[in-house]
>>> print(open('input_17.tsv').read())   # TSV, C-alpha atoms
chain	number	residue	atom	x	y	z
A	1402	MET	CA	106.86	101.65	51.61
A	1403	ASN	CA	106.40	104.86	53.60
A	1404	LYS	CA	109.61	106.55	54.67
A	1405	GLY	CA	110.78	106.77	58.27
A	1406	ARG	CA	111.75	109.97	60.05
A	1407	LEU	CA	114.99	111.35	61.43
A	1408	PHE	CA	114.45	112.71	64.95
A	1409	ILE	CA	117.15	115.02	66.27
A	1410	ILE	CA	117.28	115.09	70.08
A	1411	SER	CA	119.31	117.71	71.94
A	1412	GLY	CA	119.44	119.06	75.45
A	1413	PRO	CA	122.06	120.56	77.71
A	1414	SER	CA	124.13	118.53	80.13
A	1415	GLY	CA	121.89	117.95	83.17
A	1416	SER	CA	118.65	118.03	81.17
A	1417	GLY	CA	118.23	114.27	81.69
A	1418	LYS	CA	118.28	113.61	77.95
A	1419	ASP	CA	120.14	110.29	78.21
A	1420	THR	CA	117.82	108.89	80.90
A	1421	ILE	CA	114.76	109.92	78.88
A	1422	LEU	CA	116.09	108.40	75.67
A	1423	ALA	CA	116.96	105.11	77.40
A	1424	GLU	CA	113.33	104.83	78.57
A	1425	VAL	CA	111.96	105.79	75.15
A	1426	PHE	CA	114.04	103.03	73.51
A	1427	LYS	CA	112.75	100.52	76.08
A	1428	LYS	CA	109.15	101.42	75.24
A	1429	MET	CA	109.70	101.67	71.48
A	1430	PRO	CA	112.17	98.90	70.65
A	1431	GLU	CA	111.53	99.43	66.93
A	1432	LEU	CA	113.32	102.80	67.05
A	1433	LYS	CA	116.80	102.97	65.54
A	1434	PHE	CA	119.66	104.87	67.16
A	1435	SER	CA	122.35	106.66	65.17
A	1436	ILE	CA	125.79	105.56	66.34
A	1437	SER	CA	128.33	108.39	66.21
A	1438	THR	CA	131.75	107.91	64.65
A	1439	ILE	CA	134.47	109.40	66.87
A	1440	THR	CA	138.25	109.51	66.94
A	1441	ARG	CA	139.03	109.93	70.64
A	1442	PRO	CA	140.59	106.88	72.32
A	1443	MET	CA	138.21	104.20	73.59
A	1444	ARG	CA	137.54	104.46	77.34
A	1445	LYS	CA	137.35	101.62	79.81
A	1446	GLY	CA	134.03	99.78	79.47
A	1447	GLU	CA	133.24	101.18	76.04
A	1448	ILE	CA	132.45	98.68	73.29
A	1449	GLU	CA	132.98	99.35	69.56
A	1450	GLY	CA	129.63	99.83	67.84
A	1451	GLU	CA	127.59	100.19	71.04
A	1452	LYS	CA	127.31	103.94	71.50
A	1453	TYR	CA	130.23	104.87	69.21
A	1454	HIS	CA	132.19	103.66	66.23
A	1455	PHE	CA	135.88	104.35	66.90
A	1456	THR	CA	138.15	105.33	64.05
A	1457	THR	CA	141.26	107.40	63.26
A	1458	ASN	CA	141.49	111.07	62.33
A	1459	ASP	CA	142.79	110.04	58.88
A	1460	ILE	CA	139.80	107.83	58.12
A	1461	PHE	CA	137.42	110.44	59.55
A	1462	GLU	CA	138.89	113.14	57.31
A	1463	LYS	CA	138.41	110.85	54.28
A	1464	MET	CA	134.75	110.38	55.31
A	1465	LEU	CA	134.44	114.17	55.50
A	1466	GLU	CA	135.93	114.61	52.02
A	1467	LYS	CA	133.50	112.08	50.59
A	1468	GLY	CA	130.53	113.84	52.24
A	1469	GLU	CA	129.72	110.77	54.32
A	1470	LEU	CA	128.74	112.68	57.48
A	1471	LEU	CA	125.55	114.55	58.36
A	1472	GLU	CA	127.34	116.65	60.96
A	1473	HIS	CA	130.68	116.73	62.71
A	1474	ASN	CA	132.84	118.70	65.07
A	1475	LEU	CA	136.45	118.77	66.16
A	1476	PHE	CA	137.04	118.91	69.92
A	1477	VAL	CA	140.52	118.94	71.51
A	1478	GLY	CA	142.02	117.32	68.41
A	1479	ASN	CA	139.38	114.57	68.09
A	1480	TYR	CA	136.51	114.31	65.62
A	1481	TYR	CA	132.90	113.49	66.48
A	1482	GLY	CA	130.35	112.92	63.73
A	1483	THR	CA	127.10	111.37	62.52
A	1484	PRO	CA	127.51	109.01	59.53
A	1485	LYS	CA	124.96	109.62	56.80
A	1486	ALA	CA	124.44	106.06	55.45
A	1487	PRO	CA	122.79	104.40	58.49
A	1488	VAL	CA	120.37	107.33	58.82
A	1489	GLU	CA	119.43	107.20	55.13
A	1490	ASN	CA	119.07	103.41	55.24
A	1491	ALA	CA	116.74	103.58	58.24
A	1492	ILE	CA	114.55	106.27	56.65
A	1493	ASN	CA	114.34	104.41	53.34
A	1494	ASN	CA	113.43	101.26	55.27
A	1495	GLY	CA	110.49	103.06	56.89
A	1496	ASP	CA	112.20	103.15	60.29
A	1497	ASP	CA	112.37	106.09	62.67
A	1498	ILE	CA	115.90	106.91	63.79
A	1499	ILE	CA	117.10	109.05	66.68
A	1500	VAL	CA	120.23	111.18	66.43
A	1501	GLU	CA	121.45	112.65	69.70
A	1502	VAL	CA	123.54	115.77	69.03
A	1503	ASP	CA	124.25	119.24	70.40
A	1504	VAL	CA	122.74	122.45	69.03
A	1505	ASN	CA	125.53	122.92	66.47
A	1506	GLY	CA	125.19	119.35	65.20
A	1507	ALA	CA	121.42	119.77	65.01
A	1508	ALA	CA	121.82	122.91	62.88
A	1509	GLN	CA	124.19	121.08	60.50
A	1510	ILE	CA	121.77	118.15	60.13
A	1511	ARG	CA	118.75	120.41	59.48
A	1512	GLU	CA	120.61	121.92	56.52
A	1513	LYS	CA	121.11	118.45	55.02
A	1514	VAL	CA	117.84	116.70	55.97
A	1515	ASP	CA	115.01	119.14	55.48
A	1516	ASP	CA	112.22	116.93	56.80
A	1517	SER	CA	113.91	116.01	60.06
A	1518	VAL	CA	112.01	116.63	63.30
A	1519	SER	CA	113.94	118.09	66.21
A	1520	VAL	CA	113.24	117.98	69.92
A	1521	PHE	CA	114.95	119.99	72.63
A	1522	ILE	CA	114.94	118.64	76.20
A	1523	LEU	CA	114.73	121.42	78.78
A	1524	PRO	CA	115.41	121.28	82.50
A	1525	PRO	CA	112.46	122.68	84.51
A	1526	SER	CA	114.55	125.68	85.61
A	1527	LEU	CA	118.13	126.92	85.77
A	1528	GLU	CA	118.08	126.32	89.54
A	1529	VAL	CA	117.21	122.64	89.07
A	1530	LEU	CA	119.84	122.34	86.32
A	1531	LYS	CA	122.48	123.82	88.63
A	1532	GLU	CA	121.43	121.43	91.38
A	1533	ARG	CA	121.63	118.44	89.03
A	1534	LEU	CA	125.06	119.47	87.74
A	1535	THR	CA	126.39	120.11	91.25
A	1536	LYS	CA	125.34	116.64	92.41
A	1537	ARG	CA	127.85	115.07	90.05
A	1538	ASP	CA	130.54	115.39	92.72
A	1539	THR	CA	133.32	114.46	90.30
A	1540	ASP	CA	133.19	118.01	88.94
A	1541	SER	CA	134.85	121.05	90.48
A	1542	VAL	CA	132.91	124.25	91.20
A	1543	GLU	CA	134.63	125.80	88.19
A	1544	ALA	CA	133.60	122.89	85.91
A	1545	VAL	CA	129.99	123.16	87.09
A	1546	LYS	CA	130.00	126.89	86.38
A	1547	LYS	CA	131.30	126.32	82.85
A	1548	ARG	CA	128.74	123.61	82.18
A	1549	LEU	CA	125.95	125.84	83.37
A	1550	GLU	CA	127.13	128.61	81.04
A	1551	CYS	CA	127.15	126.19	78.11
A	1552	ALA	CA	123.73	124.89	79.07
A	1553	LEU	CA	122.38	128.44	79.06
A	1554	CYS	CA	123.92	129.03	75.61
A	1555	GLU	CA	122.21	125.90	74.33
A	1556	ILE	CA	118.85	126.76	75.91
A	1557	ASN	CA	119.01	130.12	74.16
A	1558	ARG	CA	118.97	128.19	70.88
A	1559	ALA	CA	116.03	125.95	71.79
A	1560	ASP	CA	113.86	128.05	69.47
A	1561	GLU	CA	115.61	126.44	66.49
A	1562	TYR	CA	113.82	123.17	67.35
A	1563	ASP	CA	110.38	121.89	66.32
A	1564	TYR	CA	109.42	120.72	69.82
A	1565	VAL	CA	110.47	121.27	73.42
A	1566	VAL	CA	110.03	118.79	76.25
A	1567	VAL	CA	110.47	119.95	79.83
A	1568	ASN	CA	112.02	117.27	81.99
A	1569	ASN	CA	110.24	117.91	85.26
A	1570	GLU	CA	109.35	114.27	85.95
A	1571	ILE	CA	111.10	111.59	83.87
A	1572	PRO	CA	107.96	109.51	83.08
A	1573	ASP	CA	106.10	112.59	81.80
A	1574	ALA	CA	109.04	113.66	79.64
A	1575	VAL	CA	109.30	110.10	78.27
A	1576	ASN	CA	105.59	110.15	77.37
A	1577	ASP	CA	106.03	113.54	75.71
A	1578	VAL	CA	108.84	112.27	73.47
A	1579	ILE	CA	106.82	109.14	72.62
A	1580	SER	CA	103.80	111.28	71.77
A	1581	ILE	CA	105.93	113.39	69.39
A	1582	ILE	CA	107.21	110.26	67.62
A	1583	LYS	CA	103.81	108.54	67.46
A	1584	SER	CA	101.94	111.59	66.19
A	1585	ASP	CA	104.63	112.09	63.56
A	1586	ARG	CA	103.73	108.70	62.11
A	1587	LEU	CA	100.24	110.10	61.42
A	1588	ARG	CA	101.55	113.02	59.36
A	1589	ILE	CA	100.23	113.21	55.86
A	1590	ASP	CA	103.63	112.95	54.14
A	1591	ARG	CA	104.07	109.52	55.74
A	1592	ASN	CA	100.63	108.24	54.73
A	1593	ILE	CA	100.08	109.13	51.08
A	1594	LYS	CA	100.36	105.47	50.09
A	1595	LEU	CA	97.76	104.50	52.70
A	1596	ILE	CA	95.30	107.12	51.44
A	1597	ASN	CA	95.76	105.88	47.89
A	1598	GLU	CA	95.17	102.29	48.99
A	1599	ILE	CA	91.98	103.16	50.84
A	1600	SER	CA	90.61	105.18	47.95
A	1601	ASN	CA	91.65	102.37	45.57
A	1602	LYS	CA	93.65	104.77	43.44
B	1199	MET	CA	100.14	133.29	78.07
B	1200	ASN	CA	100.84	130.83	75.30
B	1201	LYS	CA	98.23	130.63	72.57
B	1202	GLY	CA	95.97	127.65	72.02
B	1203	ARG	CA	95.53	125.82	68.73
B	1204	LEU	CA	92.66	125.41	66.30
B	1205	PHE	CA	92.31	121.75	65.32
B	1206	ILE	CA	90.22	121.05	62.22
B	1207	ILE	CA	88.74	117.54	62.18
B	1208	SER	CA	87.16	116.09	59.05
B	1209	GLY	CA	86.21	112.66	57.83
B	1210	PRO	CA	83.59	111.20	55.53
B	1211	SER	CA	80.24	109.94	56.72
B	1212	GLY	CA	80.89	106.47	58.15
B	1213	SER	CA	84.46	107.25	59.22
B	1214	GLY	CA	83.40	107.20	62.87
B	1215	LYS	CA	84.52	110.81	63.38
B	1216	ASP	CA	81.71	111.67	65.82
B	1217	THR	CA	82.28	108.62	68.03
B	1218	ILE	CA	86.02	109.32	68.13
B	1219	LEU	CA	85.54	112.98	68.99
B	1220	ALA	CA	83.07	112.17	71.77
B	1221	GLU	CA	85.71	109.90	73.36
B	1222	VAL	CA	88.47	112.48	72.90
B	1223	PHE	CA	86.36	115.12	74.70
B	1224	LYS	CA	85.72	112.68	77.55
B	1225	LYS	CA	89.45	112.14	78.00
B	1226	MET	CA	90.43	115.78	77.45
B	1227	PRO	CA	87.66	117.80	79.13
B	1228	GLU	CA	89.75	120.96	78.80
B	1229	LEU	CA	89.25	120.94	75.00
B	1230	LYS	CA	86.83	123.48	73.55
B	1231	PHE	CA	84.38	122.62	70.78
B	1232	SER	CA	83.36	125.09	68.10
B	1233	ILE	CA	79.56	125.32	67.89
B	1234	SER	CA	78.35	125.84	64.32
B	1235	THR	CA	75.78	128.50	63.49
B	1236	ILE	CA	73.09	127.10	61.17
B	1237	THR	CA	69.81	128.28	59.71
B	1238	ARG	CA	67.92	125.03	59.12
B	1239	PRO	CA	64.96	124.44	61.43
B	1240	MET	CA	65.68	122.88	64.82
B	1241	ARG	CA	64.99	119.14	64.91
B	1242	LYS	CA	63.33	117.21	67.69
B	1243	GLY	CA	65.73	116.68	70.58
B	1244	GLU	CA	68.13	119.41	69.50
B	1245	ILE	CA	68.99	122.08	72.04
B	1246	GLU	CA	70.09	125.62	71.13
B	1247	GLY	CA	73.80	126.04	71.87
B	1248	GLU	CA	74.54	122.36	72.37
B	1249	LYS	CA	75.84	121.28	68.98
B	1250	TYR	CA	74.45	124.22	66.98
B	1251	HIS	CA	73.41	127.82	67.32
B	1252	PHE	CA	70.18	128.31	65.38
B	1253	THR	CA	69.58	131.56	63.57
B	1254	THR	CA	67.86	133.03	60.49
B	1255	ASN	CA	69.20	133.42	56.96
B	1256	ASP	CA	69.00	137.21	57.37
B	1257	ILE	CA	71.12	137.27	60.49
B	1258	PHE	CA	73.53	134.74	58.95
B	1259	GLU	CA	73.98	136.91	55.87
B	1260	LYS	CA	74.75	139.92	58.09
B	1261	MET	CA	77.40	137.81	59.88
B	1262	LEU	CA	78.86	136.95	56.48
B	1263	GLU	CA	78.97	140.62	55.44
B	1264	LYS	CA	80.79	141.53	58.65
B	1265	GLY	CA	83.33	138.73	58.14
B	1266	GLU	CA	82.27	137.00	61.34
B	1267	LEU	CA	82.58	133.45	59.98
B	1268	LEU	CA	85.66	131.30	59.43
B	1269	GLU	CA	83.85	129.15	56.86
B	1270	HIS	CA	80.33	128.59	55.63
B	1271	ASN	CA	78.24	126.82	53.05
B	1272	LEU	CA	74.72	127.01	51.71
B	1273	PHE	CA	72.89	123.66	51.48
B	1274	VAL	CA	69.30	123.33	50.23
B	1275	GLY	CA	68.61	126.96	51.11
B	1276	ASN	CA	70.10	126.80	54.61
B	1277	TYR	CA	73.40	128.20	55.84
B	1278	TYR	CA	75.96	126.32	57.93
B	1279	GLY	CA	79.00	128.13	59.32
B	1280	THR	CA	81.76	128.41	61.92
B	1281	PRO	CA	81.70	131.69	63.89
B	1282	LYS	CA	85.12	133.30	64.19
B	1283	ALA	CA	84.88	134.93	67.65
B	1284	PRO	CA	84.66	131.81	69.88
B	1285	VAL	CA	87.61	130.25	68.04
B	1286	GLU	CA	89.74	133.38	68.41
B	1287	ASN	CA	88.77	133.74	72.07
B	1288	ALA	CA	89.74	130.15	72.81
B	1289	ILE	CA	93.11	130.50	71.08
B	1290	ASN	CA	93.90	133.79	72.81
B	1291	ASN	CA	92.94	132.18	76.12
B	1292	GLY	CA	95.50	129.42	75.55
B	1293	ASP	CA	92.80	126.81	74.93
B	1294	ASP	CA	92.75	124.19	72.19
B	1295	ILE	CA	89.55	124.20	70.17
B	1296	ILE	CA	88.14	121.58	67.81
B	1297	VAL	CA	86.23	122.53	64.67
B	1298	GLU	CA	84.45	119.66	62.94
B	1299	VAL	CA	83.91	120.49	59.25
B	1300	ASP	CA	83.94	118.92	55.79
B	1301	VAL	CA	86.81	119.22	53.31
B	1302	ASN	CA	85.47	122.47	51.82
B	1303	GLY	CA	85.05	124.06	55.24
B	1304	ALA	CA	88.54	122.92	56.21
B	1305	ALA	CA	90.01	124.56	53.09
B	1306	GLN	CA	88.23	127.84	53.88
B	1307	ILE	CA	89.48	127.82	57.48
B	1308	ARG	CA	93.07	127.07	56.46
B	1309	GLU	CA	93.06	130.23	54.33
B	1310	LYS	CA	92.04	132.33	57.33
B	1311	VAL	CA	93.94	130.62	60.17
B	1312	ASP	CA	97.39	129.77	58.91
B	1313	ASP	CA	98.61	127.95	62.01
B	1314	SER	CA	95.64	125.63	62.32
B	1315	VAL	CA	96.32	121.88	62.53
B	1316	SER	CA	94.04	119.60	60.51
B	1317	VAL	CA	93.28	115.91	60.97
B	1318	PHE	CA	91.45	113.66	58.52
B	1319	ILE	CA	89.72	110.53	59.89
B	1320	LEU	CA	89.88	107.63	57.42
B	1321	PRO	CA	87.87	104.43	57.40
B	1322	PRO	CA	90.18	101.36	57.20
B	1323	SER	CA	88.93	100.57	53.67
B	1324	LEU	CA	86.17	101.42	51.23
B	1325	GLU	CA	84.64	97.99	51.90
B	1326	VAL	CA	84.36	98.70	55.63
B	1327	LEU	CA	82.98	102.17	54.88
B	1328	LYS	CA	80.31	100.69	52.61
B	1329	GLU	CA	79.44	98.15	55.29
B	1330	ARG	CA	79.14	100.86	57.94
B	1331	LEU	CA	76.97	103.05	55.71
B	1332	THR	CA	74.73	100.11	54.71
B	1333	LYS	CA	74.10	99.20	58.35
B	1334	ARG	CA	72.26	102.47	58.86
B	1335	ASP	CA	69.05	100.83	57.65
B	1336	THR	CA	67.20	104.13	57.48
B	1337	ASP	CA	68.97	104.84	54.19
B	1338	SER	CA	67.98	103.53	50.78
B	1339	VAL	CA	70.43	101.72	48.51
B	1340	GLU	CA	70.55	104.85	46.37
B	1341	ALA	CA	71.32	107.06	49.39
B	1342	VAL	CA	74.12	104.72	50.48
B	1343	LYS	CA	75.59	104.83	46.98
B	1344	LYS	CA	75.57	108.64	46.95
B	1345	ARG	CA	77.14	108.81	50.40
B	1346	LEU	CA	79.88	106.44	49.35
B	1347	GLU	CA	80.62	108.57	46.29
B	1348	CYS	CA	80.87	111.69	48.45
B	1349	ALA	CA	83.07	109.83	50.94
B	1350	LEU	CA	85.43	108.88	48.13
B	1351	CYS	CA	85.55	112.49	46.94
B	1352	GLU	CA	86.47	113.59	50.44
B	1353	ILE	CA	89.09	110.87	50.90
B	1354	ASN	CA	90.71	112.03	47.68
B	1355	ARG	CA	91.30	115.37	49.40
B	1356	ALA	CA	92.79	113.88	52.57
B	1357	ASP	CA	96.23	114.99	51.35
B	1358	GLU	CA	95.26	118.60	52.15
B	1359	TYR	CA	95.43	117.71	55.86
B	1360	ASP	CA	98.37	117.72	58.28
B	1361	TYR	CA	97.55	114.33	59.79
B	1362	VAL	CA	95.49	111.24	58.98
B	1363	VAL	CA	94.03	108.84	61.53
B	1364	VAL	CA	92.73	105.48	60.36
B	1365	ASN	CA	89.70	104.38	62.35
B	1366	ASN	CA	90.27	100.67	62.48
B	1367	GLU	CA	89.60	100.30	66.20
B	1368	ILE	CA	87.96	103.22	68.02
B	1369	PRO	CA	90.29	103.21	71.08
B	1370	ASP	CA	93.39	103.32	68.84
B	1371	ALA	CA	91.96	106.14	66.75
B	1372	VAL	CA	91.06	108.05	69.93
B	1373	ASN	CA	94.63	107.64	71.21
B	1374	ASP	CA	95.99	108.82	67.85
B	1375	VAL	CA	93.93	112.02	67.96
B	1376	ILE	CA	94.97	112.63	71.58
B	1377	SER	CA	98.61	112.09	70.67
B	1378	ILE	CA	98.32	114.70	67.89
B	1379	ILE	CA	96.81	117.25	70.29
B	1380	LYS	CA	99.26	116.52	73.12
B	1381	SER	CA	102.35	116.62	70.93
B	1382	ASP	CA	101.15	119.89	69.43
B	1383	ARG	CA	101.33	121.46	72.88
B	1384	LEU	CA	105.09	120.73	72.82
B	1385	ARG	CA	105.65	122.63	69.58
B	1386	ILE	CA	108.15	125.43	69.79
B	1387	ASP	CA	105.72	128.19	68.76
B	1388	ARG	CA	103.61	127.38	71.83
B	1389	ASN	CA	106.57	127.38	74.24
B	1390	ILE	CA	108.66	130.45	73.51
B	1391	LYS	CA	107.58	132.04	76.80
B	1392	LEU	CA	108.57	128.90	78.71
B	1393	ILE	CA	112.03	128.85	77.15
B	1394	ASN	CA	112.50	132.51	78.04
B	1395	GLU	CA	111.42	131.86	81.62
B	1396	ILE	CA	113.82	128.93	82.02
B	1397	SER	CA	116.74	130.87	80.57
B	1398	ASN	CA	115.75	133.85	82.78
B	1399	LYS	CA	115.59	136.14	79.75
>>> encode(input="input_17.tsv", output="structure tokens")
Amino acid sequence: MNKGRLFIISGPSGSGKDTILAEVFKKMPELKFSISTITRPMRKGEIEGEKYHFTTNDIFEKMLEKGELLEHNLFVGNYYGTPKAPVENAINNGDDIIVEVDVNGAAQIREKVDDSVSVFILPPSLEVLKERLTKRDTDSVEAVKKRLECALCEINRADEYDYVVVNNEIPDAVNDVISIIKSDRLRIDRNIKLINEISNK
Amino acid sequence: MNKGRLFIISGPSGSGKDTILAEVFKKMPELKFSISTITRPMRKGEIEGEKYHFTTNDIFEKMLEKGELLEHNLFVGNYYGTPKAPVENAINNGDDIIVEVDVNGAAQIREKVDDSVSVFILPPSLEVLKERLTKRDTDSVEAVKKRLECALCEINRADEYDYVVVNNEIPDAVNDVISIIKSDRLRIDRNIKLINEISNK
């Protein structure tokens, strides 16, 4: 069985990453999604095991000690992390799996999984990003400013990624991500068995 | 200006490489094609500068001395080679360029152009390959046998390539090659300028 691939997807707030990924999963239902384990309280409407696994800080720290996480961070007293086992299971099963993380998480994962493929979603410009962030009218001017600063910090680390996708029009960005995943399946390291079969080795 | 990419395409006789490439060029008219320089006599129907540049052994040997070829070989007293200048011009112009060569040519090019991307076209099986080669009724049984042996030799070197495309159905194989070229345009080394523009560096 050929192995699957771990795809790391990052992009600043306002890059449209979530919308793009939702469309990609619709078009490629065989793709697996890595569910983060987090320790912040469950919010209204959230379901255990849907986007997150909810646990306690104690249990999370035990997972950390046992090396059961590919990446993690601590934010305002709560942990956020990517469990290693589901990712390894998917890859060994020949499945592609998507992990959605920030630039720091991506850097941690790259150190642990050296044949991962990472994709950074870019907004078409800082002006458009600002516009998109401002439209979320739940945020104050100050919050928008902070988000934009963080986004700029993240964009400055886009060069750590294997690929960049500019989200100008959603359907184009979706096709770009799909093309990255599909072409990856043609890479030689995923097809050695096939070559041997064809040459009757 | 971002640089273009040199794509090396190989595949044994009977893999359907030529048919696939013709379709890829129809769908991606912006792609450049590297025209080989050869010294065998022009055949009926061939046009100078269409698929080949025709020249003399003397001139070819002078090109070799000056290092003007990316790869070459000598076959039954005639030279076949890939001129370096058109490939470099295309890349510096931001264009993608396809070079169609055999496994030995591909190995020579890889030594000279370290960021080339190579694709090997595989037949779905040796049985199908044999069938395809036998159908060309101009060839003797002996000739088919020799071709099949060479094809097997080449397939055994497919693991030197970055990607493999299995030509089961032409339209699928065409889409696979297009997906490799399109996803390559999203690679980070071809988008550094874009990232800098977006972050207003």
>>> residues_near_point(input="input_17.tsv", point="(94.4, 118.3, 80.9)", cutoff="12 Å", atoms="only C-alpha atoms", output="count of residues only")
15
>>> atom_distance(input="input_17.tsv", atom1="atom CA of A:Leu1549", atom2="atom CA of A:Gly1417")
14.0 Å
>>> atom_distance(input="input_17.tsv", atom1="atom CA of B:Ser1208", atom2="atom CA of B:Val1339")
24.4 Å
>>> atom_distance(input="input_17.tsv", atom1="atom CA of A:Ser1435", atom2="atom CA of A:Asn1494")
14.4 Å
>>> closest_residue(input="input_17.tsv", among="A:Ile1581, A:Val1500, A:Ile1439, A:Leu1523", to="chain B", atoms="all atoms listed in the file")
A:Ile1581
>>> residues_around(input="input_17.tsv", residues="A:Ile1593", least_positions_apart="6", cutoff="10 Å", atoms="all atoms listed in the file", output="ChimeraX atom specification")
/A:1403 /B:1356-1357,1362
>>> interface_residues(input="input_17.tsv", of="chain A", to="chain B", cutoff="6 Å", atoms="only C-alpha atoms", output="PyMOL selection string")
chain A and resi 1526+1563-1565+1580-1581+1584+1587-1589+1599
>>> residues_around(input="input_17.tsv", residues="B:Phe1205", least_positions_apart="3", cutoff="7 Å", atoms="all atoms listed in the file", output="PDB file with C-alpha atoms, in the coordinates of the input")
ATOM      1  CA  ILE B1295      89.550 124.200  70.170  1.00  0.00           C
ATOM      2  CA  ILE B1296      88.140 121.580  67.810  1.00  0.00           C
ATOM      3  CA  VAL B1297      86.230 122.530  64.670  1.00  0.00           C
ATOM      4  CA  SER B1314      95.640 125.630  62.320  1.00  0.00           C
ATOM      5  CA  VAL B1315      96.320 121.880  62.530  1.00  0.00           C
ATOM      6  CA  SER B1316      94.040 119.600  60.510  1.00  0.00           C
TER       7      SER B1316
END
>>> residues_around(input="input_17.tsv", residues="stretch 1303-1306 of chain B", least_positions_apart="3", cutoff="9 Å", atoms="only C-alpha atoms", output="PDB file with C-alpha atoms, in the frame of the given file")
ATOM      1  CA  ILE B1206      90.220 121.050  62.220  1.00  0.00           C
ATOM      2  CA  ILE B1207      88.740 117.540  62.180  1.00  0.00           C
ATOM      3  CA  SER B1208      87.160 116.090  59.050  1.00  0.00           C
ATOM      4  CA  LEU B1268      85.660 131.300  59.430  1.00  0.00           C
ATOM      5  CA  GLU B1269      83.850 129.150  56.860  1.00  0.00           C
ATOM      6  CA  HIS B1270      80.330 128.590  55.630  1.00  0.00           C
ATOM      7  CA  ASN B1271      78.240 126.820  53.050  1.00  0.00           C
ATOM      8  CA  GLY B1279      79.000 128.130  59.320  1.00  0.00           C
ATOM      9  CA  THR B1280      81.760 128.410  61.920  1.00  0.00           C
ATOM     10  CA  VAL B1297      86.230 122.530  64.670  1.00  0.00           C
ATOM     11  CA  GLU B1298      84.450 119.660  62.940  1.00  0.00           C
ATOM     12  CA  VAL B1299      83.910 120.490  59.250  1.00  0.00           C
ATOM     13  CA  ASP B1300      83.940 118.920  55.790  1.00  0.00           C
ATOM     14  CA  GLU B1309      93.060 130.230  54.330  1.00  0.00           C
ATOM     15  CA  LYS B1310      92.040 132.330  57.330  1.00  0.00           C
ATOM     16  CA  VAL B1311      93.940 130.620  60.170  1.00  0.00           C
ATOM     17  CA  SER B1316      94.040 119.600  60.510  1.00  0.00           C
ATOM     18  CA  GLU B1358      95.260 118.600  52.150  1.00  0.00           C
ATOM     19  CA  TYR B1359      95.430 117.710  55.860  1.00  0.00           C
TER      20      TYR B1359
END
>>> axis_aligned_box(input="input_17.tsv", around="stretch 1339-1358 of chain B", padding_each_side="5 Å", output="AutoDock Vina command-line options")
--center_x 83.3 --center_y 110.2 --center_z 49.4 --size_x 35.8 --size_y 26.9 --size_z 16.3
>>> closest_residue(input="input_17.tsv", among="B:Pro1284, B:Thr1217, B:Ile1319, B:Gly1275", to="B:Pro1239", atoms="only C-alpha atoms")
B:Gly1275
>>> build_atoms(input="input_17.tsv", residues="stretch 1199-1210 of chain B", atoms="N, CA and C atoms", output="PDB file, in the frame of the given file")
ATOM      1  N   MET B1199     100.980 134.495  78.305  1.00  0.00           N
ATOM      2  CA  MET B1199     100.140 133.290  78.070  1.00  0.00           C
ATOM      3  C   MET B1199     100.412 132.738  76.672  1.00  0.00           C
ATOM      4  N   ASN B1200     100.679 131.437  76.608  1.00  0.00           N
ATOM      5  CA  ASN B1200     100.840 130.830  75.300  1.00  0.00           C
ATOM      6  C   ASN B1200      99.489 130.661  74.631  1.00  0.00           C
ATOM      7  N   LYS B1201      99.485 130.758  73.309  1.00  0.00           N
ATOM      8  CA  LYS B1201      98.230 130.630  72.570  1.00  0.00           C
ATOM      9  C   LYS B1201      97.792 129.174  72.462  1.00  0.00           C
ATOM     10  N   GLY B1202      96.495 128.979  72.287  1.00  0.00           N
ATOM     11  CA  GLY B1202      95.970 127.650  72.020  1.00  0.00           C
ATOM     12  C   GLY B1202      96.045 127.349  70.534  1.00  0.00           C
ATOM     13  N   ARG B1203      95.487 126.207  70.148  1.00  0.00           N
ATOM     14  CA  ARG B1203      95.530 125.820  68.730  1.00  0.00           C
ATOM     15  C   ARG B1203      94.135 125.480  68.227  1.00  0.00           C
ATOM     16  N   LEU B1204      93.883 125.827  66.980  1.00  0.00           N
ATOM     17  CA  LEU B1204      92.660 125.410  66.300  1.00  0.00           C
ATOM     18  C   LEU B1204      92.923 124.091  65.576  1.00  0.00           C
ATOM     19  N   PHE B1205      92.207 123.048  65.997  1.00  0.00           N
ATOM     20  CA  PHE B1205      92.310 121.750  65.320  1.00  0.00           C
ATOM     21  C   PHE B1205      91.080 121.554  64.441  1.00  0.00           C
ATOM     22  N   ILE B1206      91.305 121.327  63.170  1.00  0.00           N
ATOM     23  CA  ILE B1206      90.220 121.050  62.220  1.00  0.00           C
ATOM     24  C   ILE B1206      90.113 119.545  62.078  1.00  0.00           C
ATOM     25  N   ILE B1207      88.932 118.989  62.328  1.00  0.00           N
ATOM     26  CA  ILE B1207      88.740 117.540  62.180  1.00  0.00           C
ATOM     27  C   ILE B1207      87.707 117.286  61.086  1.00  0.00           C
ATOM     28  N   SER B1208      88.093 116.488  60.109  1.00  0.00           N
ATOM     29  CA  SER B1208      87.160 116.090  59.050  1.00  0.00           C
ATOM     30  C   SER B1208      87.216 114.587  58.866  1.00  0.00           C
ATOM     31  N   GLY B1209      86.235 114.092  58.143  1.00  0.00           N
ATOM     32  CA  GLY B1209      86.210 112.660  57.830  1.00  0.00           C
ATOM     33  C   GLY B1209      84.870 112.383  57.180  1.00  0.00           C
ATOM     34  N   PRO B1210      84.840 111.462  56.229  1.00  0.00           N
ATOM     35  CA  PRO B1210      83.590 111.200  55.530  1.00  0.00           C
ATOM     36  C   PRO B1210      82.562 110.548  56.454  1.00  0.00           C
TER      37      PRO B1210
END
